[in-house]
Structure formats: structure tokens, C-alpha cells
>>> print(open('structure-v6.txt').read())   # compact mmCIF, C-alpha atoms
# COMPACT_ATOMS: atom_id res chain seq x y z
CA MET A 282 119.46 -89.85 -74.78
CA LYS A 283 116.86 -92.52 -75.63
CA ILE A 284 114.56 -91.88 -78.61
CA ALA A 285 111.53 -93.76 -79.89
CA PHE A 286 111.12 -93.05 -83.62
CA ARG A 287 107.77 -93.27 -85.39
CA ALA A 288 107.49 -92.91 -89.17
CA SER A 289 104.89 -92.69 -91.90
CA PRO A 290 104.73 -95.80 -94.14
CA LYS A 291 105.77 -93.68 -97.13
CA PRO A 292 109.14 -94.71 -98.63
CA GLY A 293 110.83 -91.37 -97.89
CA ALA A 294 109.84 -91.49 -94.23
CA GLN A 295 110.88 -95.13 -93.94
CA GLY A 296 114.28 -94.32 -95.42
CA ALA A 297 114.71 -91.48 -92.93
CA LEU A 298 113.67 -93.79 -90.09
CA LYS A 299 116.39 -96.26 -91.05
CA GLU A 300 119.01 -93.51 -91.13
CA LEU A 301 117.94 -91.86 -87.87
CA SER A 302 117.54 -95.08 -85.89
CA GLY A 303 120.93 -96.22 -87.16
CA ARG A 304 122.48 -92.97 -85.93
CA TYR A 305 120.63 -92.48 -82.65
CA GLY A 306 119.25 -95.93 -81.85
CA GLN A 307 115.65 -97.07 -81.46
CA THR A 308 114.10 -97.37 -77.99
CA PRO A 309 110.61 -98.59 -76.99
CA ALA A 310 108.40 -95.60 -76.26
CA ALA A 311 107.85 -96.60 -72.62
CA GLU A 312 111.61 -96.42 -72.01
CA ALA A 313 112.42 -93.42 -74.23
CA ASP A 314 113.07 -89.82 -73.23
CA PHE A 315 111.47 -88.51 -76.45
CA ILE A 316 109.18 -89.68 -79.24
CA VAL A 317 110.31 -88.35 -82.64
CA THR A 318 107.99 -88.67 -85.62
CA ILE A 319 108.90 -88.58 -89.31
CA GLY A 320 106.14 -87.79 -91.78
CA GLY A 321 103.22 -85.41 -91.45
CA ASP A 322 100.52 -84.33 -89.02
CA GLY A 323 98.83 -87.75 -89.07
CA THR A 324 101.97 -89.51 -87.85
CA ALA A 325 102.47 -86.83 -85.20
CA LEU A 326 98.87 -87.19 -83.97
CA GLU A 327 99.25 -90.95 -83.66
CA ALA A 328 102.34 -90.40 -81.48
CA LEU A 329 100.56 -87.78 -79.37
CA HIS A 330 97.73 -90.24 -78.75
CA GLU A 331 100.31 -92.86 -77.82
CA ALA A 332 101.76 -90.36 -75.35
CA LEU A 333 98.38 -90.01 -73.59
CA THR A 334 99.36 -92.97 -71.43
CA MET A 335 102.83 -91.47 -70.88
CA PRO A 336 102.09 -87.79 -70.13
CA ALA A 337 105.70 -86.86 -69.41
CA LYS A 338 106.82 -88.13 -72.84
CA PRO A 339 107.33 -85.19 -75.26
CA VAL A 340 106.75 -85.57 -79.00
CA PHE A 341 109.00 -83.89 -81.58
CA ALA A 342 107.50 -84.07 -85.08
CA MET A 343 109.48 -83.63 -88.33
CA ARG A 344 107.84 -83.24 -91.74
CA THR A 345 109.17 -85.04 -94.78
CA ASP A 346 108.92 -83.87 -98.39
CA GLY A 347 105.40 -84.19 -99.72
CA SER A 348 103.80 -84.40 -96.27
CA VAL A 349 101.37 -81.90 -94.81
CA GLY A 350 102.91 -80.94 -91.51
CA SER A 351 101.34 -77.74 -90.18
CA PHE A 352 102.64 -78.43 -86.68
CA CYS A 353 105.75 -80.40 -87.64
CA ASN A 354 109.32 -79.11 -87.48
CA SER A 355 111.61 -79.11 -90.49
CA PHE A 356 113.40 -82.36 -91.27
CA ARG A 357 117.12 -82.97 -90.99
CA THR A 358 119.13 -85.87 -89.68
CA HIS A 359 122.01 -84.03 -88.01
CA ASP A 360 121.99 -82.20 -84.63
CA LEU A 361 118.79 -83.92 -83.46
CA THR A 362 120.03 -84.24 -79.88
CA GLU A 363 120.72 -80.50 -79.67
CA ARG A 364 117.33 -79.66 -81.18
CA LEU A 365 115.48 -81.84 -78.68
CA HIS A 366 117.20 -80.22 -75.73
CA ALA A 367 116.67 -76.68 -77.08
CA ALA A 368 113.04 -77.05 -78.21
CA SER A 369 110.20 -75.16 -76.57
CA ARG A 370 107.61 -77.29 -74.79
CA VAL A 371 103.95 -76.64 -75.53
CA GLN A 372 101.40 -78.35 -73.28
CA LEU A 373 98.48 -79.41 -75.46
CA PRO A 374 94.97 -79.85 -74.08
CA VAL A 375 93.15 -83.15 -74.53
CA LEU A 376 89.46 -83.25 -75.36
CA GLN A 377 87.23 -85.83 -73.73
CA ALA A 378 83.89 -87.14 -74.98
CA GLU A 379 81.64 -89.04 -72.56
CA ILE A 380 79.17 -90.79 -74.85
CA GLU A 381 75.89 -92.60 -74.41
CA GLN A 382 74.74 -94.72 -77.35
CA ALA A 383 71.13 -95.31 -78.35
CA GLY A 384 71.21 -98.76 -76.74
CA GLY A 385 72.40 -97.34 -73.42
CA ARG A 386 76.06 -98.32 -73.68
CA SER A 387 78.55 -95.71 -72.41
CA GLN A 388 81.97 -94.99 -73.91
CA VAL A 389 84.77 -92.43 -73.57
CA LEU A 390 86.95 -91.09 -76.39
CA PHE A 391 89.92 -88.71 -76.24
CA ALA A 392 91.16 -86.28 -78.88
CA ILE A 393 94.24 -84.13 -79.34
CA ASN A 394 92.93 -82.13 -82.28
CA GLU A 395 89.15 -82.38 -82.70
CA ILE A 396 85.91 -84.17 -81.91
CA VAL A 397 83.51 -84.50 -84.84
CA LEU A 398 79.79 -85.22 -84.58
CA ASN A 399 78.18 -85.94 -87.95
CA ARG A 400 75.15 -87.55 -89.53
CA GLN A 401 75.28 -91.21 -90.54
CA VAL A 402 72.52 -91.11 -93.18
CA PHE A 403 71.06 -88.67 -95.70
CA GLN A 404 68.79 -87.06 -93.13
CA GLN A 405 70.27 -84.05 -91.37
CA ALA A 406 71.35 -84.38 -87.78
CA LYS A 407 69.14 -82.60 -85.26
CA LEU A 408 71.08 -81.66 -82.14
CA LYS A 409 70.20 -79.94 -78.89
CA VAL A 410 73.34 -78.24 -77.59
CA ALA A 411 73.84 -76.60 -74.19
CA VAL A 412 77.01 -74.80 -73.09
CA ASP A 413 77.84 -74.98 -69.38
CA GLY A 414 74.20 -75.79 -68.65
CA GLU A 415 73.28 -72.11 -68.95
CA GLY A 416 70.56 -70.46 -70.97
CA ASP A 417 68.24 -72.15 -73.43
CA PRO A 418 69.80 -75.01 -75.40
CA MET A 419 70.44 -74.38 -79.10
CA ILE A 420 68.60 -76.56 -81.62
CA ILE A 421 70.93 -77.15 -84.55
CA ASN A 422 70.02 -78.85 -87.83
CA GLY A 423 72.77 -79.75 -90.26
CA ASP A 424 75.46 -82.28 -91.07
CA GLY A 425 77.18 -81.94 -87.71
CA LEU A 426 79.56 -80.07 -85.41
CA VAL A 427 83.30 -79.95 -84.78
CA LEU A 428 84.86 -79.07 -81.42
CA THR A 429 88.54 -78.30 -81.94
CA THR A 430 91.62 -77.42 -79.92
CA PRO A 431 94.19 -74.82 -81.04
CA LEU A 432 96.32 -77.60 -82.53
CA GLY A 433 93.41 -78.89 -84.59
CA SER A 434 92.17 -75.49 -85.67
CA THR A 435 94.36 -75.46 -88.80
CA ALA A 436 92.80 -78.60 -90.28
CA PHE A 437 89.14 -79.64 -90.80
CA ASN A 438 87.98 -76.68 -88.74
CA ARG A 439 89.57 -74.24 -91.20
CA THR A 440 88.01 -75.91 -94.24
CA LEU A 441 84.63 -75.30 -92.58
CA GLY A 442 85.41 -71.62 -92.07
CA GLY A 443 86.27 -71.98 -88.40
CA PRO A 444 88.66 -69.67 -86.55
CA LEU A 445 92.40 -70.17 -86.25
CA LEU A 446 93.23 -70.45 -82.53
CA PRO A 447 96.70 -69.47 -81.22
CA LEU A 448 98.77 -72.48 -80.21
CA GLY A 449 99.03 -72.53 -76.42
CA SER A 450 95.86 -70.49 -75.91
CA SER A 451 93.08 -71.53 -73.51
CA LEU A 452 90.44 -71.61 -76.24
CA LEU A 453 88.28 -74.08 -78.13
CA ALA A 454 86.26 -73.58 -81.31
CA LEU A 455 82.81 -74.97 -82.10
CA THR A 456 82.27 -75.02 -85.86
CA GLY A 457 79.27 -76.25 -87.82
CA ILE A 458 79.15 -78.62 -90.78
CA ALA A 459 76.56 -77.46 -93.34
CA ILE A 460 74.27 -75.91 -90.72
CA ARG A 461 70.73 -75.22 -91.97
CA ARG A 462 69.20 -74.12 -88.68
CA PRO A 463 69.63 -71.59 -87.24
CA ALA A 464 69.57 -69.78 -90.57
CA VAL A 465 72.48 -67.59 -89.52
CA TRP A 466 75.28 -69.64 -87.96
CA SER A 467 78.79 -68.54 -87.06
CA PRO A 468 81.59 -70.55 -85.42
CA VAL A 469 81.83 -70.01 -81.68
CA VAL A 470 85.06 -69.47 -79.74
CA LEU A 471 84.82 -70.90 -76.23
CA SER A 472 86.95 -71.00 -73.12
CA ASP A 473 88.63 -74.37 -72.72
CA HIS A 474 86.74 -74.69 -69.43
CA ALA A 475 83.44 -74.88 -71.33
CA ILE A 476 81.34 -78.04 -71.15
CA LEU A 477 79.09 -78.96 -74.08
CA ASP A 478 76.12 -81.24 -73.61
CA VAL A 479 74.76 -82.58 -76.88
CA GLU A 480 71.51 -84.53 -77.25
CA VAL A 481 70.57 -86.18 -80.53
CA ILE A 482 66.92 -85.54 -81.34
CA ALA A 483 65.09 -88.36 -83.15
CA ALA A 484 68.23 -90.48 -82.96
CA ALA A 485 66.57 -93.54 -84.50
CA HIS A 486 65.53 -91.61 -87.61
CA ARG A 487 68.51 -89.24 -87.71
CA PRO A 488 71.46 -91.29 -86.40
CA VAL A 489 74.66 -89.47 -85.48
CA GLN A 490 78.20 -90.70 -84.93
CA ILE A 491 81.06 -89.17 -82.99
CA ALA A 492 84.66 -89.52 -84.17
CA THR A 493 88.17 -88.67 -83.03
CA THR A 494 91.60 -89.76 -84.22
CA SER A 495 91.42 -92.60 -81.73
CA GLY A 496 88.05 -94.03 -82.75
CA THR A 497 84.43 -93.71 -83.89
CA VAL A 498 81.22 -94.43 -81.95
CA LEU A 499 77.99 -94.92 -83.92
CA ASN A 500 74.39 -94.23 -83.01
CA ILE A 501 74.93 -91.87 -80.13
CA SER A 502 72.03 -90.47 -78.14
CA ARG A 503 73.94 -87.88 -76.11
CA ALA A 504 77.48 -86.75 -75.39
CA ARG A 505 79.31 -84.46 -73.00
CA LEU A 506 82.37 -82.76 -74.53
CA PHE A 507 85.03 -80.93 -72.54
CA ARG A 508 88.73 -80.48 -71.97
CA SER A 509 90.03 -83.36 -69.89
CA PRO A 510 90.97 -81.92 -66.48
CA ASN A 511 93.91 -84.25 -65.81
CA ARG A 512 95.37 -85.05 -69.23
CA THR A 513 97.79 -83.12 -71.41
CA VAL A 514 100.44 -84.04 -73.96
CA THR A 515 103.66 -82.21 -74.78
CA LEU A 516 104.65 -81.05 -78.26
CA LEU A 517 108.22 -79.89 -78.84
CA VAL A 518 108.63 -76.85 -81.07
CA ASP A 519 112.00 -76.20 -82.68
CA ARG A 520 113.06 -72.68 -81.72
CA GLU A 521 114.83 -72.37 -85.07
CA ASP A 522 111.75 -73.28 -87.10
CA GLU A 523 109.55 -70.20 -87.38
CA SER A 524 107.35 -71.97 -89.93
CA LEU A 525 105.73 -74.15 -87.28
CA CYS A 526 104.26 -71.38 -85.18
CA THR A 527 103.59 -68.86 -87.95
CA PRO A 528 100.08 -70.22 -88.67
CA PHE A 529 99.26 -69.97 -84.98
CA GLY A 530 100.52 -66.44 -84.38
CA ARG A 531 103.86 -67.32 -82.77
CA GLN A 532 102.54 -68.24 -79.34
CA CYS A 533 105.25 -70.84 -78.60
>>> encode(input="structure-v6.txt", output="C-alpha cells")
Amino acid sequence: MKIAFRASPKPGAQGALKELSGRYGQTPAAEADFIVTIGGDGTALEALHEALTMPAKPVFAMRTDGSVGSFCNSFRTHDLTERLHAASRVQLPVLQAEIEQAGGRSQVLFAINEIVLNRQVFQQAKLKVAVDGEGDPMIINGDGLVLTTPLGSTAFNRTLGGPLLPLGSSLLALTGIAIRRPAVWSPVVLSDHAILDVEVIAAAHRPVQIATTSGTVLNISRARLFRSPNRTVTLLVDREDESLCTPFGRQC
């Protein structure tokens, strides 16, 4: 079995990396059967983004002491080979943002957990949002919006009062950041087939940026957000670790 280890820069994770790579070897990700991360959710997300170019490469995340690892398995150095073979595989959706900037330049970003649109200056963002091109677009004033996958629903989305989505479900959540208009705003649960078209109103006066784990694009004028139709990544869930799926309702 060939394993590519990835670790947080924290001393504890680096010590565990040295021990694990000494026991199991260290293989370049392109040649490995598995990517194993040591640290918290941030380290795991970096590995999942790395796996976007290697869709058959599963990621097994282990949390170290002091790390926040809501979707990481418990850490131990023994029986790793057995755990990798026995783990459940969860196919995670990938969000895609097709972006047009104010100057006309086009870009594409991908996200495993969330896409965040937020204001760049003190003025509130003013956004026109249409879902699936149906009905009248919503005009939203506030600090921004977050579109999140089930994996990302435990993080920023939850601090904003957004819903917790079951891991493995075919759902997305659209959650507002300090929404002032409409006066009554509630997070929206969407099918993962939904397509969101967002236009920034008065973009020169109220500039908006869009951010994912993989990058940030400033001064956007419009964006189309949706689940990528031909991209997924695989997260391995330890069958023995109930703590990983408990926040998600044990959908693994």
C-alpha cells in the first residue's frame, strides 16, 4: 500500500508525520493509493483540493490534539492499513463558480466546502440572485452570501445560523451574512442540482469578492454557482469512529 502523508505545520502533527512516514513510507500523491492527513479540517481540505486533479484518490483525515477536526477520524499510528481498507467511502460534491470580473475577465474557482461572496468595503453588497432562472430574482442587501455543501455546513455556515446538512445528502445551503434586505431572511436549503446566478448591483460603488479555499477573486460583476457535474472527491470515514458522522446525522 502506497500512502501520501500531509500534515499541519504544528509540532505535534509534524512529529506524527515523521513517525507515520517512517512506519509506512512516504509516496508522492500522484503515485499513492491514499492521501492521509494529520491535523485538522484545514489540512484535510487542502488534501481534498489536491485530489481534485486525481479524482480516484481517496483522502483519510486524522485529527491531532488541539485541532478542530469535525470531519476528521481519530488519530492513532497503529493499524492504519486495516483502517484504510475498512473505511467507508463518501463521495463529496464539488462546487464550481464561473466568475466575471468588473473588467470583463473570466475565472473559475472550485470549492469542497463553501463559496463565500462578501463585500470588500464598508458599503453593503447589493446582489440580484436568481435560482434556476425561475421566478423573479431576489434583491439582497447585506454583507454577503455563503453557498455550502454538506461537508462545509458545520463550519462558517453554522456560525451564521445556517442549517446542518447530512453528509452524503444531495443538498446545498444558501446562508446570508448580515442580511438587511429583505427584512426577514432565512437560510435556504436547495437541491444540489440548483444553479445560482448572482449579479452585483452598483459593483463600482459596492465591490464584492468571491472566495473559496482555493482562491479569492476581487471586484466581481456576476457569478454562476453550481455543483460541478463531473467532479467529486472521496473522503474516507473510519467505521469505528462514530464521532465523525455524529454531527451529520450518521449518513455514512
>>> closest_residue(input="structure-v6.txt", among="A:Gln295, A:Asp360, A:Leu365, A:Val489", to="A:Asp314", atoms="only C-alpha atoms")
A:Leu365
>>> closest_residue(input="structure-v6.txt", among="A:Phe315, A:Val498, A:Gly423, A:Gly442", to="A:Ala464", atoms="all atoms listed in the file")
A:Gly423
>>> atom_distance(input="structure-v6.txt", atom1="atom CA of A:Ser509", atom2="atom CA of A:Gly433")
15.7 Å
>>> residues_around(input="structure-v6.txt", residues="A:Thr493", least_positions_apart="5", cutoff="10 Å", atoms="only C-alpha atoms", output="PyMOL selection string")
chain A and resi 376-378+390-398+498
>>> residues_around(input="structure-v6.txt", residues="A:Ala367", least_positions_apart="4", cutoff="8 Å", atoms="all atoms listed in the file", output="list in words")
Glu363, Asp519 and Arg520 of chain A
>>> write_last_selection(input="structure-v6.txt", atoms="C-alpha atoms", output="mmCIF file, in the coordinates of the input")
data_model
loop_
_atom_site.group_PDB
_atom_site.id
_atom_site.type_symbol
_atom_site.label_atom_id
_atom_site.label_comp_id
_atom_site.auth_asym_id
_atom_site.auth_seq_id
_atom_site.Cartn_x
_atom_site.Cartn_y
_atom_site.Cartn_z
ATOM 1 C CA GLU A 363 120.720 -80.500 -79.670
ATOM 2 C CA ASP A 519 112.000 -76.200 -82.680
ATOM 3 C CA ARG A 520 113.060 -72.680 -81.720
#
>>> residues_around(input="structure-v6.txt", residues="stretch 332-342 of chain A", least_positions_apart="3", cutoff="10 Å", atoms="only C-alpha atoms", output="number ranges by chain")
A: 285-288, 310-322, 324-329, 345, 350, 352-356, 361, 364-365, 368, 370-372, 375, 391-393, 511-519
>>> closest_residue(input="structure-v6.txt", among="A:Val402, A:Leu499, A:Ala485, A:Leu506", to="A:Arg386", atoms="all atoms listed in the file")
A:Leu499
>>> atom_distance(input="structure-v6.txt", atom1="atom CA of A:Ser369", atom2="atom CA of A:Lys283")
18.6 Å
>>> closest_residue(input="structure-v6.txt", among="A:Thr430, A:Asn422, A:Ser467, A:Thr308", to="A:Gly443", atoms="only C-alpha atoms")
A:Ser467
>>> closest_residue(input="structure-v6.txt", among="A:Val481, A:Leu446, A:Ala411, A:Ala459", to="A:Ile380", atoms="only C-alpha atoms")
A:Val481
>>> closest_residue(input="structure-v6.txt", among="A:His366, A:Asn500, A:Thr456, A:Gly306", to="A:Ala436", atoms="only C-alpha atoms")
A:Thr456
>>> atom_distance(input="structure-v6.txt", atom1="atom CA of A:His474", atom2="atom CA of A:Arg508")
6.6 Å
>>> residues_near_point(input="structure-v6.txt", point="(63.6, -84.7, -81.0)", cutoff="10 Å", atoms="only C-alpha atoms", output="PyMOL selection string")
chain A and resi 407-409+420+480-487
>>> residues_around(input="structure-v6.txt", residues="A:Asp413", least_positions_apart="5", cutoff="12 Å", atoms="only C-alpha atoms", output="mmCIF file with C-alpha atoms, in the frame of the given file")
data_model
loop_
_atom_site.group_PDB
_atom_site.id
_atom_site.type_symbol
_atom_site.label_atom_id
_atom_site.label_comp_id
_atom_site.auth_asym_id
_atom_site.auth_seq_id
_atom_site.Cartn_x
_atom_site.Cartn_y
_atom_site.Cartn_z
ATOM 1 C CA PRO A 418 69.800 -75.010 -75.400
ATOM 2 C CA LEU A 471 84.820 -70.900 -76.230
ATOM 3 C CA SER A 472 86.950 -71.000 -73.120
ATOM 4 C CA ASP A 473 88.630 -74.370 -72.720
ATOM 5 C CA HIS A 474 86.740 -74.690 -69.430
ATOM 6 C CA ALA A 475 83.440 -74.880 -71.330
ATOM 7 C CA ILE A 476 81.340 -78.040 -71.150
ATOM 8 C CA LEU A 477 79.090 -78.960 -74.080
ATOM 9 C CA ASP A 478 76.120 -81.240 -73.610
ATOM 10 C CA VAL A 479 74.760 -82.580 -76.880
ATOM 11 C CA ARG A 505 79.310 -84.460 -73.000
ATOM 12 C CA LEU A 506 82.370 -82.760 -74.530
ATOM 13 C CA PHE A 507 85.030 -80.930 -72.540
#
